[in-house]
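To start, the structure under review is shown below, and the notes come after it.
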Amino acid sequence: MIWNDITALVERARTGDRLAYGNLIERFQPTVYAMALARLRNPTEAQELVQEVFIHAMTKLTQLRDARCFAGWLRQITERMAINRLTRRGPVRGADPLVLENVQDDGAQPLDDLIRNEQKAKLWEGLDQLKPVDRATLVAFYIRGRSLKQMSREFETPIGTIKRRLHVARNRLRRHLEPNMVRGEVELREEELAGV
């Protein structure tokens, strides 16, 4: 399909020709989907956005001044609506620790719960032995689920410094916990700390 054909379809669609608008959708749907997928990184959300974009474009088609600019206009709508969707969705956040504690584990045995609770208690004891800055850094990142950017704003410190503090604080916590741990529990992984 050449650009003159597209311009003619846009002009017909402006007058209410649904068949012409359907042809435009068929022509531009792959492009709109690719843009949406690149922004959202989720195929399902990208498909939903494609539908929203074409509905929005259909209702606003009379506002398009030059039919030859349809492709760029459609790209702008797609970009703006993808950004809006990402903004509404917001950042992924960690769950509240109190909520996680009350979740029932289907496969957990009473002994597993007892061991896990003892490990949590030891971990909190170790955190209490740390300097306030180390403790605040670990709690903010692993327990409250703050991002490095959020922590940088909260602590008024560069991200590089936050990363160094996390590394140093983990090592200090490990040193506090090692004398109290049974052999084999010495390796404190970040996933275990994050699950507290």
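Residues are named by chain letter and number: chains run A, B, ... in the order of the structure tokens, numbers start at 1 in each chain, and ligands are numbered from 1 in the order shown.
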
With the cut-off set at 12 Å and counting only C-alpha atoms, tabulate each residue of segment 20-131 of chain A with an atom at most that distance from an atom of segment 155-170 of chain A, showing the nearest atom pair and its distance in Å to one decimal, ordered by chain and increasing number, as a Markdown table.
```
| residue | atom | partner | partner_atom | distance |
| --- | --- | --- | --- | --- |
| A:Leu123 | CA | A:Arg170 | CA | 11.3 |
| A:Gly126 | CA | A:Arg170 | CA | 10.5 |
| A:Leu127 | CA | A:Ala169 | CA | 9.4 |
| A:Gln129 | CA | A:Ala169 | CA | 11.2 |
| A:Leu130 | CA | A:Ala169 | CA | 7.9 |
| A:Lys131 | CA | A:Ala169 | CA | 8.8 |
```

Using all heavy atoms, can you export the residues from the last selection as an mmCIF file, in the first residue's frame?
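As a result, again39.cif now contains:
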```cif
data_model
loop_
_atom_site.group_PDB
_atom_site.id
_atom_site.type_symbol
_atom_site.label_atom_id
_atom_site.label_comp_id
_atom_site.auth_asym_id
_atom_site.auth_seq_id
_atom_site.Cartn_x
_atom_site.Cartn_y
_atom_site.Cartn_z
ATOM 1 N N LEU A 123 18.438 -13.128 62.889
ATOM 2 C CA LEU A 123 18.706 -12.075 61.924
ATOM 3 C C LEU A 123 18.398 -10.710 62.530
ATOM 4 O O LEU A 123 19.183 -9.770 62.419
ATOM 5 C CB LEU A 123 17.896 -12.296 60.650
ATOM 6 C CG LEU A 123 18.125 -11.287 59.544
ATOM 7 C CD1 LEU A 123 19.569 -11.318 59.072
ATOM 8 C CD2 LEU A 123 17.204 -11.558 58.383
ATOM 9 N N GLY A 126 21.017 -9.807 64.951
ATOM 10 C CA GLY A 126 22.197 -9.340 64.227
ATOM 11 C C GLY A 126 22.018 -7.922 63.716
ATOM 12 O O GLY A 126 22.941 -7.098 63.795
ATOM 13 N N LEU A 127 20.825 -7.609 63.197
ATOM 14 C CA LEU A 127 20.556 -6.249 62.728
ATOM 15 C C LEU A 127 20.640 -5.247 63.872
ATOM 16 O O LEU A 127 21.141 -4.134 63.698
ATOM 17 C CB LEU A 127 19.169 -6.175 62.069
ATOM 18 C CG LEU A 127 19.051 -6.762 60.665
ATOM 19 C CD1 LEU A 127 17.594 -6.856 60.239
ATOM 20 C CD2 LEU A 127 19.850 -5.946 59.656
ATOM 21 N N GLN A 129 22.589 -5.342 66.338
ATOM 22 C CA GLN A 129 23.990 -5.154 66.731
ATOM 23 C C GLN A 129 24.739 -4.232 65.771
ATOM 24 O O GLN A 129 25.846 -3.790 66.066
ATOM 25 C CB GLN A 129 24.710 -6.505 66.808
ATOM 26 C CG GLN A 129 24.191 -7.394 67.921
ATOM 27 C CD GLN A 129 24.839 -8.765 67.899
ATOM 28 O OE1 GLN A 129 25.773 -9.010 67.157
ATOM 29 N NE2 GLN A 129 24.317 -9.653 68.729
ATOM 30 N N LEU A 130 24.153 -3.951 64.628
ATOM 31 C CA LEU A 130 24.808 -3.106 63.635
ATOM 32 C C LEU A 130 24.689 -1.628 63.990
ATOM 33 O O LEU A 130 23.837 -1.219 64.773
ATOM 34 C CB LEU A 130 24.182 -3.328 62.255
ATOM 35 C CG LEU A 130 24.355 -4.701 61.629
ATOM 36 C CD1 LEU A 130 23.594 -4.761 60.308
ATOM 37 C CD2 LEU A 130 25.819 -5.027 61.406
ATOM 38 N N LYS A 131 25.538 -0.831 63.354
ATOM 39 C CA LYS A 131 25.440 0.628 63.484
ATOM 40 C C LYS A 131 24.113 1.068 62.859
ATOM 41 O O LYS A 131 23.607 0.420 61.946
ATOM 42 C CB LYS A 131 26.592 1.297 62.747
ATOM 43 C CG LYS A 131 27.946 0.997 63.332
ATOM 44 C CD LYS A 131 29.022 1.642 62.482
ATOM 45 C CE LYS A 131 30.399 1.270 62.994
ATOM 46 N NZ LYS A 131 31.469 1.819 62.159
#
```

Residue contacts of Ala13 of chain A (9 Å, only C-alpha atoms) excluding same-chain residues fewer than 4 positions away, as a ChimeraX atom specification: /A:8-9,17-22,24,58,61

Let's see if you can do this: from backbone DSSP, list all alpha helix (DSSP H) residues in segment 6-156 of chain A, as number ranges by chain. A: 6-14, 18-40, 43-60, 70-89, 97-101, 110-129, 132-138, 148-155

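Between Leu49 of chain A and the candidates A:Asp5, A:Asp113, A:Glu154, A:Glu79, the tightest atom-to-atom separation, counting only C-alpha atoms, involves A:Glu79.
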
From A:Ala34, A:Ile6, A:Leu177, A:Val139, residue lying nearest Lys122 of chain A [only C-alpha atoms]: A:Leu177

Name the residues in contact with Arg85 of chain A at a cut-off of 10 Å, using only C-alpha atoms, excluding same-chain residues fewer than 4 positions from it; report them as JSON, numbers by chain. {"A": [39, 40, 45, 49, 79, 80, 81, 89, 90]}

Residue with the minimum atom-to-atom distance to Ile77 of chain A, picked from A:Leu173, A:Val32, A:Leu111, A:Ala38 with only C-alpha atoms counted, is A:Val32

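Considering only C-alpha atoms, the residue among A:Arg116, A:Val50, A:Asn171, A:Arg27 positioned nearest to Asp134 of chain A is A:Asn171.
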